[in-house]
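Novice: Got a structure here, written out as C-alpha cells. Questions coming.
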Amino acid sequence: MKLLRLLAAALSVATVATAKEFSPAIVYDFGGKFDRSFNQSASEGAERFKRDTGIAFREFEITNAAQREQVMAQLAKRGSDIIVAVGFTQASAVERVARQFPNVKFTIIDAVVDLPNVQSINFREQESSYLCGMAAALASKSGKIGFVGGMDIPLIRKFALGYVEGARHVRPDIEVFENMTGTTPAAWGDPTKGAELARSQFGRGADVVFHAAGATGIGVMQAAMDEGKLSIGCDSNQDYLHPGSVLTSAVKRVDVAVYKAFSDARAGTWKAGQLVLGLAEDGVDYSYDEHNRGILTPAIKARLDAAKADIIAGRIKVPEYRAP
Amino acid sequence: METYTLVVLLLAATIRVATPLLLAALGGLFSERAGVIALGLEGMMLGAAFAAAAVSAASGSAWLGLGAGIGTAVLLALVIAVAGVTFRGNQVVAAMAVNIMVAGLGPSLALAWFDLGGQTPQLNDAAQRFRELVWPGAEAARHTPLPGLLYAELLSGHSVIVYLAFALVPAAAWVLYRSRFGLRLRAVGENPSAVDTAGLSVTGLRYQAVVLSGVLCGVAGAYLSTAASSGFVRDMTAGKGYLALAALVFGNWRPWRTLGACLLFAFTDALATRLQGVPLPLVGVIPVQFVLALPYVLTVLLLAGFVGRAVAPAAIGQPYEKER
C-alpha cells in the first residue's frame, strides 16, 4: 500500500514535470526519415522547430504496421502534447489512439480523421503535379513522358492525374506512360524496381519521368541520370540529387505543416479540424534553384508561373482524382 | 518495328532482373547439392549488398565494395556452416537466424556509420558503381536494321557482373558434372556415408560448398547495391533470395534448368512492369493489381502443370553423423 502511494506520488510529479515542458512528437511512415522525399520533408520541419525553439522532440520511424498504434499510445502516455503522424497509413492508428487520449493533440498528414482532438492536414498535390506535368511536356523532345507511382492508392493517383492534365494543357497530343511500383507499403522503398520501371518507360520513348514514390523514386532518378534523361522529384526539393538531370520537383511543404502544428500547439493556437494546403497557401509548389536553373529554361518557367497564377486565381481548374 | 523494339527491351530487362537471381540460385545449387539447405541466400545477399555499398561509399571503389560484399557473405555462410554442419544444428533455423540478423544489422550499422536512417550514402561517383559496358560499335549499330538493336540492347550495355553471372552457368555445370570436386559434392548430398567411407571429409566438402554459395551471393548482393541501384536501403533484396531458392527447386537442382527458371521469373517480372496501363487486345487495360500478381500466378501455374516431380538431393538438411 505504501509502495502504491509512493508510486502515485512519483507519477503525479512526473505529470507535473511534463506539463511544464512542451513535448512534441512525430511518427514517420514507411520509407523512413531519410527517404529524401516525403518523410524527410516532415523531419526537416521538426528539426527546424527544434533549432528555432530549442525544444527537443520525440520521433519514431515505423518499420512494421503493428508498431503504429503501440508507438502512438506510448508517446501519448509519456506525456507528449502533440503527436504528428506522417502519412495516410497512420489514419486508423490515430483514430484509435486519439479516442484513448482525448487530451493529447494529434495532427495527421495526408488523411482525414474526424475527431475533436485531431487536425487533418492535406495538400492539393494535383496543383504542383499539374505544373510539373507542364514542365515535363515543355521539356520533352519526344512527346512522350512517364510517371512512376509508389503504392497504388488514391493519393498517388491524384499526383498522376494532375501530371497528365498539366502535360495535356500545353501539349494535347502528349503520350504519358504510368506505372505503379506495387500495392503494398513495400512499394515506397524499392529503388531497384523504380529504376527498372523508369528504364521501361525510357525504352518506350519517354524522356522525362516524374516519380511520386518515396525512396523508390531515388532509383527512378538514378536511372534517368544514367540514361541521360530528365526526372522530376517529389515532396522534398530533390533538384540537388542529380544537378542537370532533375528538371524540377513537385514540392509538398510537409515541413511547413509539421512546423506549424508544433508551434501552434506550443502557442495554444492549434485547432482541430481539416486544413487543405495548395499553391495559394504555399503548401505545394514546383522547385527552382541553382541546381536546375540550367535545364528549367526561362521560357518554361514563365509558362509555369503564369499557370500558377491562373490556378490560384481559379482560372485553371485542376481536376482532383476521386476514388471510384 | 515498334513491337520488335519493345520485345528486345523486354528481353534486356529480363537479363538485368535475372542476374541477382541467377547468382544466388547458383550459390544455392552448390550448397544444396552438398546437402545443406540454402535458405540463407536472402541474408547473405542482403549482407553483401550492405557491405558493398558501405565500402564503395567509403573507399570510392566499386571493386573494393565487391570484395567486401563477398567477404561479408562468406562470413555469414560460415556462420550457417558452423551451426548447421559442425554442430549439426537445424540448418533451416541457422539460415533463418542469419536472414533475420542481417535484416536488422545492416540498417543498424548504416545508421551508426552514416547517420542516414539505415541507408548508405548515394553512390554518385562513376567509380563507385559498376556501370554499363558499351560494346564497340553498339551506339552505331542501334540505328541499323534488326540485328543492330539486338546487339546494342541485349549483348552490349550491361554491367560486368551480368556477363559474369551468365558465364558462370556453364562453369557451374562443368564443375558439378565434369570435375572431381563436383562428383564428390554431389555424392556428399546424396550419400554422405559413402563419401566418408571413401576417406573424404564430409564436413570439409560441405564447408567448401557453403562458402562457394557465400561467394556467389556476395556478387549478387554487390550487384543489387552498386550496379542495379546506387546504395543500400533497408530490405533491398525484397525476397530475391527466396525467389532464387524457388528457381533452384523449379530448375530441379540443375544449372541450365535453374538458368531457365531464373529467366522465366525475371521475364514475368519485366513483363509485369511493362503491361501496366497498356491496353491489350480484347480485354483492354487490366488492373495494376492483377498485373503485379502475374509473375506469382504464372509461377504457380507452371510449377503445378509443367514441371515434373522435383527430386531433391537425398541427404539434404540432414546433419551427417559418423557411425560409431
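Letters for chains follow the order of the C-alpha cells (A, B, ...), residue numbers begin at 1 for each chain, and ligand numbers begin at 1 in the order shown.
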Return as CSV the residues of chain B lying at most 10 Å from chain A, together with the closest atom-to-atom pair for each and the distance in Å to one decimal, counting only C-alpha atoms, with rows in chain order and ascending residue number.

Specialist:
residue,atom,partner,partner_atom,distance
B:Glu2,CA,A:Arg204,CA,8.9
B:Thr5,CA,A:Gly203,CA,8.3
B:Leu6,CA,A:Arg204,CA,7.1
B:Val8,CA,A:Gly203,CA,9.7
B:Leu9,CA,A:Gly203,CA,6.5
B:Leu10,CA,A:Ser200,CA,7.9
B:Ala13,CA,A:Glu196,CA,7.4
B:Arg16,CA,A:Glu196,CA,8.8
B:Val17,CA,A:Glu196,CA,8.4
B:Asp115,CA,A:Phe34,CA,9.3
B:Leu116,CA,A:Phe34,CA,5.9
B:Gly117,CA,A:Phe34,CA,5.5
B:Gly118,CA,A:Phe34,CA,8.2
B:Gln119,CA,A:Phe34,CA,7.8
B:Gln122,CA,A:Leu241,CA,8.9
B:Leu123,CA,A:Gln222,CA,9.7
B:Asn124,CA,A:His242,CA,8.3
B:Ala126,CA,A:Asp226,CA,9.9
B:Arg131,CA,A:Asp226,CA,8.6
B:Glu132,CA,A:Asp226,CA,9.2
B:Leu224,CA,A:Thr192,CA,7.4
B:Ser225,CA,A:Thr192,CA,8.6
B:Ala227,CA,A:Thr192,CA,9.7
B:Ala228,CA,A:Thr192,CA,6.1
B:Ser229,CA,A:Thr192,CA,5.5
B:Ser230,CA,A:Gln222,CA,7.3
B:Gly231,CA,A:Pro191,CA,9.2
B:Phe232,CA,A:Pro191,CA,9.4
B:Val233,CA,A:Gly189,CA,7.5
B:Arg234,CA,A:Gly189,CA,7.8
B:Asp235,CA,A:Gly189,CA,8.4
B:Met236,CA,A:Asp190,CA,6.5
B:Thr237,CA,A:Asp190,CA,8.9
B:Ala238,CA,A:Asp190,CA,7.9
B:Asp269,CA,A:Lys193,CA,9.8
B:Ala270,CA,A:Glu196,CA,8.1
B:Leu271,CA,A:Ser200,CA,9.8
B:Ala272,CA,A:Leu197,CA,9.8
B:Thr273,CA,A:Leu197,CA,6.1
B:Arg274,CA,A:Ser200,CA,6.6
B:Leu275,CA,A:Asn179,CA,9.1
B:Gln276,CA,A:Asn179,CA,6.0
B:Gly277,CA,A:Glu178,CA,6.4
B:Val278,CA,A:Phe177,CA,8.5
B:Val288,CA,A:Met180,CA,7.4
B:Gln289,CA,A:Thr183,CA,6.7
B:Val291,CA,A:Gly182,CA,9.8
B:Leu292,CA,A:Gly182,CA,6.8
B:Ala293,CA,A:Gly182,CA,9.5

Novice: DSSP on the backbone: which residues in stretch 108-294 of chain A end up as helix (DSSP H, G or I)? Give the answer as a PyMOL selection string.

Specialist: chain A and resi 125-139+154-170+185-188+191-203+216-226+254-267

Novice: What lies within 6 Å of stretch 149-165 of chain B using only C-alpha atoms, ignoring chain neighbours under 4 positions off, as a PyMOL selection string?

Specialist: chain B and resi 12+19+23+130-135+138+142

Novice: Counting only C-alpha atoms, what is within 12 Å of A:Gln67, bar same-chain residues fewer than 5 positions away, as a PDB file with C-alpha atoms, in the first residue's frame?

Specialist:
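And here's selection_9.pdb as it stands now:
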ATOM      1  CA  VAL A  27       5.888   9.400 -36.159  1.00  0.00           C
ATOM      2  CA  TYR A  28       7.270   8.790 -39.652  1.00  0.00           C
ATOM      3  CA  ASP A  29       5.839   6.379 -42.129  1.00  0.00           C
ATOM      4  CA  PHE A  30       7.402   3.558 -44.160  1.00  0.00           C
ATOM      5  CA  PHE A  60       9.817   7.220 -34.359  1.00  0.00           C
ATOM      6  CA  GLU A  61      10.277   5.502 -37.693  1.00  0.00           C
ATOM      7  CA  ILE A  62       7.676   2.852 -38.437  1.00  0.00           C
ATOM      8  CA  MET A  72       1.468   6.424 -30.587  1.00  0.00           C
ATOM      9  CA  ALA A  73      -0.041   5.177 -27.343  1.00  0.00           C
ATOM     10  CA  GLN A  74       3.454   5.057 -25.848  1.00  0.00           C
ATOM     11  CA  LEU A  75       4.173   8.631 -26.902  1.00  0.00           C
ATOM     12  CA  THR A  89      -1.426   4.758 -43.484  1.00  0.00           C
ATOM     13  CA  GLN A  90      -1.440   6.049 -39.915  1.00  0.00           C
ATOM     14  CA  ALA A  93      -3.992   4.134 -35.604  1.00  0.00           C
TER      15      ALA A  93
END

Novice: Which residues come within 6 Å of A:Gly149, counting only C-alpha atoms, excluding same-chain residues fewer than 3 positions away, as a ChimeraX atom specification?

Specialist: /A:180,211-213

Novice: Which residues are close to stretch 55-59 of chain A, i.e. within 12 Å by only C-alpha atoms, leaving aside same-chain residues fewer than 4 positions away? Reply as a ChimeraX atom specification.

Specialist: /A:21-29,32-33,39,42-43,45-51,71-72,74-76,78-86,258-259,262-263,266

Novice: Write the residues of the selection above to a file with N, CA and C atoms, as a CSV table (one decimal), in the first residue's frame.

Specialist:
chain,number,residue,atom,x,y,z
A,21,GLU,N,6.9,21.4,-19.4
A,21,GLU,CA,7.7,21.5,-20.6
A,21,GLU,C,6.9,21.0,-21.8
A,22,PHE,N,6.9,21.8,-22.8
A,22,PHE,CA,6.2,21.4,-24.0
A,22,PHE,C,6.9,20.2,-24.7
A,23,SER,N,6.2,19.2,-25.1
A,23,SER,CA,6.9,18.0,-25.6
A,23,SER,C,6.2,17.5,-26.9
A,24,PRO,N,6.7,17.8,-28.0
A,24,PRO,CA,6.1,17.4,-29.3
A,24,PRO,C,6.7,16.0,-29.7
A,25,ALA,N,6.0,15.3,-30.6
A,25,ALA,CA,6.5,14.0,-31.1
A,25,ALA,C,6.0,13.9,-32.5
A,26,ILE,N,6.8,13.1,-33.2
A,26,ILE,CA,6.5,12.8,-34.7
A,26,ILE,C,6.7,11.4,-35.0
A,27,VAL,N,5.8,10.8,-35.8
A,27,VAL,CA,5.9,9.4,-36.2
A,27,VAL,C,6.0,9.4,-37.7
A,28,TYR,N,7.1,8.9,-38.2
A,28,TYR,CA,7.3,8.8,-39.7
A,28,TYR,C,6.7,7.5,-40.2
A,29,ASP,N,6.4,7.5,-41.5
A,29,ASP,CA,5.8,6.4,-42.1
A,29,ASP,C,6.9,5.5,-42.8
A,32,GLY,N,10.9,5.8,-44.2
A,32,GLY,CA,11.9,6.3,-43.2
A,32,GLY,C,12.2,7.8,-43.4
A,33,LYS,N,12.8,8.3,-42.3
A,33,LYS,CA,13.1,9.7,-42.1
A,33,LYS,C,14.0,10.2,-43.2
A,39,ASN,N,8.9,11.8,-46.1
A,39,ASN,CA,9.2,11.8,-44.6
A,39,ASN,C,10.4,12.7,-44.3
A,42,ALA,N,9.1,16.1,-43.7
A,42,ALA,CA,8.5,16.2,-42.4
A,42,ALA,C,9.5,16.4,-41.3
A,43,SER,N,10.6,15.6,-41.4
A,43,SER,CA,11.7,15.6,-40.4
A,43,SER,C,12.4,17.0,-40.4
A,45,GLY,N,11.0,19.8,-41.0
A,45,GLY,CA,10.1,20.8,-40.3
A,45,GLY,C,10.3,20.6,-38.8
A,46,ALA,N,10.4,19.4,-38.3
A,46,ALA,CA,10.6,19.1,-36.9
A,46,ALA,C,11.9,19.6,-36.4
A,47,GLU,N,13.0,19.4,-37.3
A,47,GLU,CA,14.3,19.8,-36.9
A,47,GLU,C,14.4,21.4,-36.9
A,48,ARG,N,13.7,22.0,-37.8
A,48,ARG,CA,13.7,23.5,-37.8
A,48,ARG,C,13.0,24.0,-36.5
A,49,PHE,N,11.9,23.3,-36.1
A,49,PHE,CA,11.3,23.7,-34.9
A,49,PHE,C,12.2,23.6,-33.7
A,50,LYS,N,13.0,22.6,-33.7
A,50,LYS,CA,14.0,22.3,-32.6
A,50,LYS,C,15.1,23.4,-32.6
A,51,ARG,N,15.5,23.8,-33.8
A,51,ARG,CA,16.6,24.8,-33.9
A,51,ARG,C,16.0,26.2,-33.4
A,71,VAL,N,3.2,2.6,-30.7
A,71,VAL,CA,4.1,3.7,-30.6
A,71,VAL,C,3.4,5.0,-30.2
A,72,MET,N,2.2,5.2,-30.9
A,72,MET,CA,1.5,6.4,-30.6
A,72,MET,C,0.9,6.4,-29.2
A,74,GLN,N,2.3,4.9,-26.7
A,74,GLN,CA,3.5,5.1,-25.8
A,74,GLN,C,3.8,6.5,-25.7
A,75,LEU,N,3.8,7.2,-26.9
A,75,LEU,CA,4.2,8.6,-26.9
A,75,LEU,C,3.2,9.4,-26.1
A,76,ALA,N,1.9,9.1,-26.3
A,76,ALA,CA,0.8,9.8,-25.6
A,76,ALA,C,1.0,9.6,-24.1
A,78,ARG,N,3.6,8.9,-22.4
A,78,ARG,CA,4.8,9.5,-21.9
A,78,ARG,C,4.7,11.0,-21.9
A,79,GLY,N,3.6,11.5,-22.1
A,79,GLY,CA,3.3,13.0,-21.9
A,79,GLY,C,3.6,13.9,-23.1
A,80,SER,N,3.5,13.3,-24.3
A,80,SER,CA,3.6,14.2,-25.5
A,80,SER,C,2.4,15.1,-25.6
A,81,ASP,N,2.6,16.4,-25.9
A,81,ASP,CA,1.5,17.3,-26.0
A,81,ASP,C,0.8,17.2,-27.4
A,82,ILE,N,1.7,17.0,-28.4
A,82,ILE,CA,1.2,16.9,-29.7
A,82,ILE,C,1.9,15.8,-30.4
A,83,ILE,N,1.2,14.9,-31.2
A,83,ILE,CA,1.8,13.9,-31.9
A,83,ILE,C,1.5,14.1,-33.4
A,84,VAL,N,2.5,14.3,-34.2
A,84,VAL,CA,2.2,14.4,-35.7
A,84,VAL,C,2.4,13.0,-36.3
A,85,ALA,N,1.4,12.5,-37.0
A,85,ALA,CA,1.5,11.3,-37.7
A,85,ALA,C,1.7,11.6,-39.2
A,86,VAL,N,2.8,11.2,-39.7
A,86,VAL,CA,3.1,11.5,-41.1
A,86,VAL,C,2.6,10.3,-42.0
A,258,VAL,N,4.4,20.4,-40.5
A,258,VAL,CA,4.8,19.9,-39.2
A,258,VAL,C,5.2,21.1,-38.3
A,259,TYR,N,6.0,22.0,-38.8
A,259,TYR,CA,6.5,23.1,-38.1
A,259,TYR,C,5.3,23.9,-37.5
A,262,PHE,N,3.5,22.0,-34.7
A,262,PHE,CA,4.3,22.1,-33.4
A,262,PHE,C,4.2,23.5,-32.8
A,263,SER,N,4.4,24.5,-33.6
A,263,SER,CA,4.4,25.8,-33.0
A,263,SER,C,3.1,26.3,-32.6
A,266,ARG,N,2.2,24.7,-29.3
A,266,ARG,CA,3.0,25.3,-28.3
A,266,ARG,C,2.4,26.7,-27.9
